[in-house]
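**Q** Got coords01.txt for you, compact mmCIF, C-alpha atoms:
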# COMPACT_ATOMS: atom_id res chain seq x y z
CA MET L 1 17.81 -12.61 3.60
CA ASP L 2 16.53 -10.24 6.29
CA ILE L 3 14.86 -8.17 3.61
CA LEU L 4 13.15 -11.23 2.20
CA PHE L 5 11.90 -12.17 5.64
CA ALA L 6 10.70 -8.61 6.26
CA PHE L 7 8.73 -8.60 3.01
CA PHE L 8 7.26 -11.96 3.91
CA PHE L 9 6.17 -10.66 7.31
CA PHE L 10 4.87 -7.42 5.79
CA SER L 11 2.81 -9.27 3.23
CA LEU L 12 1.48 -11.77 5.73
CA SER L 13 0.46 -9.15 8.29
CA GLU L 14 -1.13 -6.81 5.76
CA THR L 15 -3.05 -9.63 4.11
CA ALA L 16 -4.32 -10.86 7.48
CA GLU L 17 -5.24 -7.28 8.35
CA HIS L 18 -7.40 -6.98 5.24
CA LEU L 19 -9.09 -10.29 5.96
CA CYS L 20 -9.90 -9.13 9.49
CA PHE L 21 -11.39 -5.88 8.28
CA ALA L 22 -13.33 -7.75 5.59
CA ARG L 23 -14.94 -9.72 8.41
CA SER L 24 -15.55 -6.67 10.60
CA ASN L 25 -18.64 -5.26 8.92
CA ALA L 26 -21.14 -6.60 11.45
CA ALA L 27 -22.89 -3.66 13.11
CA ASP L 28 -22.65 -5.05 16.63
CA ALA L 29 -20.11 -6.34 19.12
CA ARG L 30 -19.27 -9.34 16.94
CA ALA L 31 -17.18 -7.00 14.81
CA LEU L 32 -15.03 -5.99 17.75
CA PRO L 33 -12.50 -8.86 17.77
CA TRP L 34 -11.96 -8.42 14.01
CA ILE L 35 -11.40 -4.69 14.41
CA ILE L 36 -8.94 -5.21 17.26
CA GLY L 37 -7.19 -7.95 15.30
CA GLY L 38 -7.09 -5.86 12.14
CA SER L 39 -5.72 -2.83 13.95
CA SER L 40 -2.96 -4.84 15.64
CA LEU L 41 -2.03 -6.37 12.31
CA TYR L 42 -1.99 -2.89 10.79
CA LEU L 43 0.60 -1.83 13.36
CA ALA L 44 2.64 -4.96 12.66
CA SER L 45 2.59 -4.35 8.93
CA LEU L 46 3.46 -0.68 9.39
CA ALA L 47 6.44 -1.61 11.57
CA SER L 48 7.77 -4.07 9.00
CA TRP L 49 7.16 -1.58 6.19
CA LEU L 50 9.22 1.05 8.02
CA TRP L 51 11.99 -1.46 8.59
CA ILE L 52 11.95 -2.28 4.87
CA LEU L 53 12.10 1.43 4.01
CA ALA L 54 15.11 1.82 6.28
CA HIS L 55 16.98 -0.75 4.20
CA LEU L 56 15.69 -0.18 0.65
CA PRO L 57 15.11 2.79 -1.63
CA LEU L 58 11.45 3.78 -1.79
CA SER L 59 11.58 3.33 -5.57
CA ILE L 60 12.31 -0.38 -5.10
CA ALA L 61 10.26 -1.14 -1.99
CA LEU L 62 7.05 0.50 -3.19
CA PRO L 63 6.49 -1.38 -6.45
CA VAL L 64 7.44 -4.64 -4.73
CA SER L 65 4.79 -3.94 -2.09
CA GLY L 66 2.27 -4.30 -4.94
CA LEU L 67 2.67 -8.03 -4.27
CA ASN L 68 0.31 -7.53 -1.34
CA TYR L 69 -2.53 -7.18 -3.83
CA VAL L 70 -1.65 -10.64 -5.06
CA THR L 71 -1.60 -12.21 -1.61
CA VAL L 72 -4.88 -10.50 -0.70
CA ALA L 73 -6.51 -11.83 -3.89
CA ILE L 74 -5.27 -15.36 -3.22
CA ALA L 75 -6.21 -15.28 0.46
CA SER L 76 -9.68 -14.00 -0.46
CA ARG L 77 -10.03 -16.86 -2.90
CA VAL L 78 -8.99 -19.46 -0.33
CA LEU L 79 -10.59 -18.09 2.83
CA LEU L 80 -13.52 -15.97 1.65
CA ASN L 81 -14.40 -17.92 -1.50
CA GLU L 82 -14.09 -14.90 -3.74
CA ARG L 83 -13.65 -15.65 -7.41
CA ILE L 84 -10.48 -14.96 -9.35
CA ASP L 85 -11.76 -14.34 -12.87
CA ARG L 86 -9.59 -14.16 -15.96
CA ARG L 87 -8.91 -10.45 -15.69
CA ARG L 88 -7.83 -10.76 -12.07
CA ALA L 89 -5.60 -13.72 -12.88
CA LEU L 90 -3.95 -11.59 -15.57
CA GLY L 91 -3.54 -8.76 -13.07
CA ILE L 92 -1.79 -11.12 -10.65
CA ALA L 93 0.54 -12.33 -13.41
CA VAL L 94 1.40 -8.77 -14.48
CA ILE L 95 2.19 -7.67 -10.91
CA VAL L 96 4.42 -10.69 -10.37
CA ALA L 97 6.14 -10.01 -13.71
CA GLY L 98 6.78 -6.41 -12.66
CA VAL L 99 8.35 -7.47 -9.37
CA ILE L 100 10.52 -10.04 -11.17
CA VAL L 101 11.71 -7.36 -13.60
CA ILE L 102 12.68 -5.12 -10.66
CA GLY L 103 14.44 -8.02 -8.95
CA LEU L 104 16.43 -8.97 -12.05
CA THR L 105 17.46 -5.45 -12.99
CA GLY L 106 19.09 -4.44 -9.73
CA GLY L 107 16.52 -4.80 -6.97
CA GLY L 108 17.74 -8.33 -6.27
CA ALA L 109 21.08 -6.94 -5.13
CA TYR L 110 19.44 -5.74 -1.91
CA LEU L 111 18.48 -9.25 -0.80
CA MET S 1 -22.93 9.59 -12.29
CA SER S 2 -21.74 13.18 -12.37
CA ARG S 3 -18.32 14.20 -13.59
CA PHE S 4 -15.31 12.49 -12.12
CA PRO S 5 -14.00 14.46 -9.09
CA TRP S 6 -10.52 15.07 -10.48
CA LEU S 7 -9.52 17.68 -7.95
CA ARG S 8 -10.28 15.53 -4.93
CA PHE S 9 -8.76 12.53 -6.65
CA SER S 10 -5.52 14.38 -7.43
CA LEU S 11 -5.31 15.51 -3.84
CA LEU S 12 -5.73 11.89 -2.78
CA VAL S 13 -2.80 10.85 -4.98
CA LEU S 14 -0.68 13.72 -3.67
CA ILE S 15 -1.33 12.67 -0.09
CA ASP S 16 -0.40 9.13 -1.11
CA LEU S 17 2.98 10.39 -2.26
CA ALA S 18 3.45 12.57 0.81
CA VAL S 19 2.70 9.66 3.15
CA TRP S 20 5.30 7.48 1.45
CA LEU S 21 7.93 10.19 1.47
CA LEU S 22 7.32 10.89 5.15
CA GLN S 23 7.47 7.20 6.02
CA LYS S 24 10.72 6.89 4.11
CA ARG S 25 12.17 9.89 5.92
CA ALA S 26 11.12 8.59 9.31
CA ALA S 27 12.67 5.21 8.53
CA ALA S 28 15.88 6.71 7.15
CA ASN S 29 16.30 9.06 10.12
CA SER S 30 15.90 6.27 12.60
CA PHE S 31 18.18 3.97 10.67
CA ALA S 32 20.91 6.61 10.60
CA ALA S 33 20.51 7.48 14.27
CA GLU S 34 20.30 3.93 15.51
CA ALA S 35 23.00 3.61 18.10
CA GLY S 36 22.22 1.14 20.80
CA ASP S 37 18.52 1.81 21.09
CA SER S 38 16.01 0.08 18.96
CA PHE S 39 15.05 1.22 15.47
CA PHE S 40 11.37 0.88 16.26
CA LEU S 41 11.60 2.91 19.45
CA HIS S 42 13.41 5.63 17.57
CA VAL S 43 10.97 5.76 14.68
CA LEU S 44 8.07 6.02 17.13
CA PHE S 45 9.35 9.45 18.19
CA ASP S 46 9.91 10.74 14.68
CA TRP S 47 7.42 13.46 13.74
CA ASN S 48 7.59 12.38 10.10
CA LEU S 49 5.85 9.16 11.04
CA TRP S 50 3.08 10.95 12.90
CA LEU S 51 2.56 13.37 10.03
CA ALA S 52 2.29 10.36 7.73
CA LEU S 53 -0.40 8.93 9.99
CA VAL S 54 -2.30 12.20 9.92
CA GLY S 55 -2.07 12.08 6.13
CA ALA S 56 -3.43 8.55 6.09
CA VAL S 57 -6.41 9.55 8.21
CA ALA S 58 -7.09 12.59 6.04
CA GLN S 59 -6.95 10.30 3.04
CA LEU S 60 -9.62 8.09 4.51
CA ALA S 61 -11.98 11.02 4.85
CA LEU S 62 -11.15 12.30 1.38
CA TRP S 63 -11.60 8.87 -0.17
CA ARG S 64 -15.13 8.72 1.20
CA THR S 65 -16.01 11.99 -0.48
CA VAL S 66 -14.50 10.76 -3.76
CA LEU S 67 -16.65 7.65 -3.61
CA GLN S 68 -19.73 9.78 -3.14
CA ARG S 69 -18.96 11.31 -6.51
CA ALA S 70 -17.46 8.48 -8.53
CA ASP S 71 -17.78 4.73 -8.96
CA LEU S 72 -15.41 2.60 -6.93
CA SER S 73 -14.72 0.64 -10.11
CA ALA S 74 -13.45 3.82 -11.77
CA ALA S 75 -11.63 5.46 -8.87
CA PHE S 76 -9.92 2.44 -7.35
CA PRO S 77 -7.94 1.24 -10.40
CA LEU S 78 -6.95 4.82 -11.22
CA LEU S 79 -5.32 5.21 -7.82
CA SER S 80 -2.47 2.97 -8.92
CA VAL S 81 -1.04 5.87 -10.95
CA SER S 82 0.62 6.74 -7.65
CA TYR S 83 3.19 3.96 -8.28
CA PRO S 84 5.01 5.67 -11.17
CA LEU S 85 4.39 9.07 -9.60
CA ALA S 86 6.07 7.84 -6.41
CA LEU S 87 9.11 6.90 -8.50
CA LEU S 88 9.21 10.46 -9.81
CA ALA S 89 8.93 11.73 -6.24
CA SER S 90 11.68 9.42 -5.03
CA ARG S 91 13.87 10.73 -7.84
CA PHE S 92 13.27 14.42 -7.33
CA VAL S 93 12.61 14.61 -3.61
CA LEU S 94 14.78 11.83 -2.22
CA GLY S 95 17.46 11.83 -4.91
CA GLU S 96 17.07 8.12 -5.62
CA GLU S 97 17.99 6.93 -9.08
CA PRO S 98 15.53 4.28 -10.22
CA ASN S 99 16.92 2.52 -13.30
CA VAL S 100 15.06 1.52 -16.45
CA GLY S 101 14.21 -1.89 -15.02
CA THR S 102 12.69 -0.34 -11.91
CA TRP S 103 10.59 1.99 -14.07
CA CYS S 104 9.38 -0.89 -16.24
CA GLY S 105 8.62 -2.99 -13.18
CA ALA S 106 6.69 -0.16 -11.51
CA LEU S 107 4.63 0.38 -14.67
CA LEU S 108 3.87 -3.34 -14.85
CA VAL S 109 2.82 -3.35 -11.20
CA MET S 110 0.58 -0.36 -11.90
CA GLY S 111 -1.02 -2.19 -14.83
CA GLY S 112 -1.49 -5.33 -12.78
CA VAL S 113 -3.09 -3.46 -9.89
CA MET S 114 -5.42 -1.75 -12.38
CA LEU S 115 -6.48 -5.11 -13.80
CA LEU S 116 -6.88 -6.66 -10.38
CA SER S 117 -8.90 -3.80 -8.95
CA SER S 118 -11.11 -3.23 -11.97
CA ALA S 119 -12.39 -6.81 -12.29
CA GLU S 120 -16.16 -6.84 -12.72
CA THR S 121 -16.66 -8.96 -9.66
CA ALA S 122 -14.55 -6.53 -7.71
CA THR S 123 -14.94 -6.67 -4.02
CA ALA S 124 -11.86 -4.56 -3.81
CA PRO S 125 -9.14 -4.99 -1.25
CA HIS S 126 -9.93 -2.43 1.37
CA ASP S 127 -7.38 0.11 0.59
CA ALA S 128 -5.78 1.31 -2.50
CA SER S 129 -2.49 2.26 -1.05
CA ARG S 130 -0.27 0.53 1.38
CA ASN S 131 -0.26 1.40 5.01
CA ASN S 132 -3.22 3.56 5.40
CA LEU S 133 -5.70 3.23 8.18
CA ASN S 134 -7.80 1.52 5.66
CA SER S 135 -10.61 -0.48 7.05
CA ASP S 136 -13.47 1.35 5.46
CA ARG S 137 -12.27 2.87 2.28
CA THR S 138 -14.77 0.86 0.35
CA ALA S 139 -17.58 1.39 2.80
I'd like the structure from this file rewritten - as structure tokens, please.
**A**
Amino acid sequence: MDILFAFFFFSLSETAEHLCFARSNAADARALPWIIGGSSLYLASLASWLWILAHLPLSIALPVSGLNYVTVAIASRVLLNERIDRRRALGIAVIVAGVIVIGLTGGGAYL
Amino acid sequence: MSRFPWLRFSLLVLIDLAVWLLQKRAAANSFAAEAGDSFFLHVLFDWNLWLALVGAVAQLALWRTVLQRADLSAAFPLLSVSYPLALLASRFVLGEEPNVGTWCGALLVMGGVMLLSSAETATAPHDASRNNLNSDRTA
């Protein structure tokens, strides 16, 4: 349960970090809050990632962290109005399938 | 577009692997040593973590030079080969024993990341690997 929560926090903080940095490309002081926000979220995601690594083998944790690509794609769709075309939708499905396979073949025992 | 910068790219992947291994070592050390004081405080003083951060910064610089020589749409999807390679590294360096399911899952994740990051409309997520100081990899 703790592991699940840690992954949730990891995913949330890293996704928010990417969104902040996506907004930070103004060349003036308006970028500053996004950079500060993004950097703080980076530290939060790094902390949760290290906690996850302390409790899981790297060979399980790393592929599962690929889920962050999915959450970034969805968050970009919802908050930045980026399109999810057919190829991206397939990519999301394949990543999720991969994580499910890992969960069902032993990875789930760590939860 | 000139030839793909394989040497730089391979170095990038190798640093990817090194960063993950160092992070894992830092986490494992602190987990083992945790006695009373906090895990996070302990890991903060682990040199493995700081070396991993140095690696991440070096990667940023290297990634920029790769992008001067190759298309983002070619280089970014390719970077996901570090998933299966990291499984090899975890097997031979850390002594983990990923089973067949884990291998299949990692290959699927690699395929999915390739699809996701090669989409024509790609405004890629900013970094290609987790936990790098990543804000401007695509810049």
**Q** Compute the chain S side of the contact with chain L at 6 Å, counting only C-alpha atoms, and hand it back as a list of chain:residue names.
**A** S:Lys24, S:Ala27, S:Ala28, S:Phe31, S:Leu87, S:Gly101, S:Thr102, S:Gly105, S:Ala106, S:Leu108, S:Val109, S:Gly112, S:Leu115, S:Leu116, S:Ser135
**Q** Find the residues near S:Arg3: any atom within 9 Å, counting only C-alpha atoms, skip ones fewer than 3 places away on the same chain, and give them as an mmCIF file with C-alpha atoms, in the frame of the given file.
**A**
data_model
loop_
_atom_site.group_PDB
_atom_site.id
_atom_site.type_symbol
_atom_site.label_atom_id
_atom_site.label_comp_id
_atom_site.auth_asym_id
_atom_site.auth_seq_id
_atom_site.Cartn_x
_atom_site.Cartn_y
_atom_site.Cartn_z
ATOM 1 C CA TRP S 6 -10.520 15.070 -10.480
ATOM 2 C CA ARG S 69 -18.960 11.310 -6.510
ATOM 3 C CA ALA S 70 -17.460 8.480 -8.530
#
**Q** Give as a ChimeraX atom specification every residue, naming chains and numbers as the document does, that has an atom within 12 Å of (-8.6, 19.2, -3.1), counting all atoms listed in the file.
**A** /S:5-15,58-59,61-63,65-66
**Q** By how many Å are atom CA of S:Val57 and atom CA of S:Leu21 apart?
**A**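 Between atom CA of S:Val57 and atom CA of S:Leu21 the gap works out to 15.9 Å.
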**Q** In Å, how far is it from atom CA of S:Phe40 to atom CA of S:Leu53?
**A** 15.6 Å
**Q** To one decimal place in Å, what is the distance between atom CA of S:Phe92 and atom CA of S:Ala18?
**A**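 Those two atoms sit 12.9 Å apart.
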**Q** Measuring between all atoms listed in the file, which one of S:Ser73, S:Ser82, S:Ser90, S:Asn99 shows the shortest distance to S:Ser117?
**A**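 Closest to S:Ser117, using all atoms listed in the file: S:Ser73.
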**Q** Using 4 Å of padding on each side, determine the axis-aligned box around all atoms of stretch 25-42 of chain L present in the file and give its centre and edge lengths in Å to one decimal, as AutoDock Vina command-line options.
**A**
--center_x -12.4 --center_y -6.1 --center_z 14.0 --size_x 28.9 --size_y 14.5 --size_z 18.2
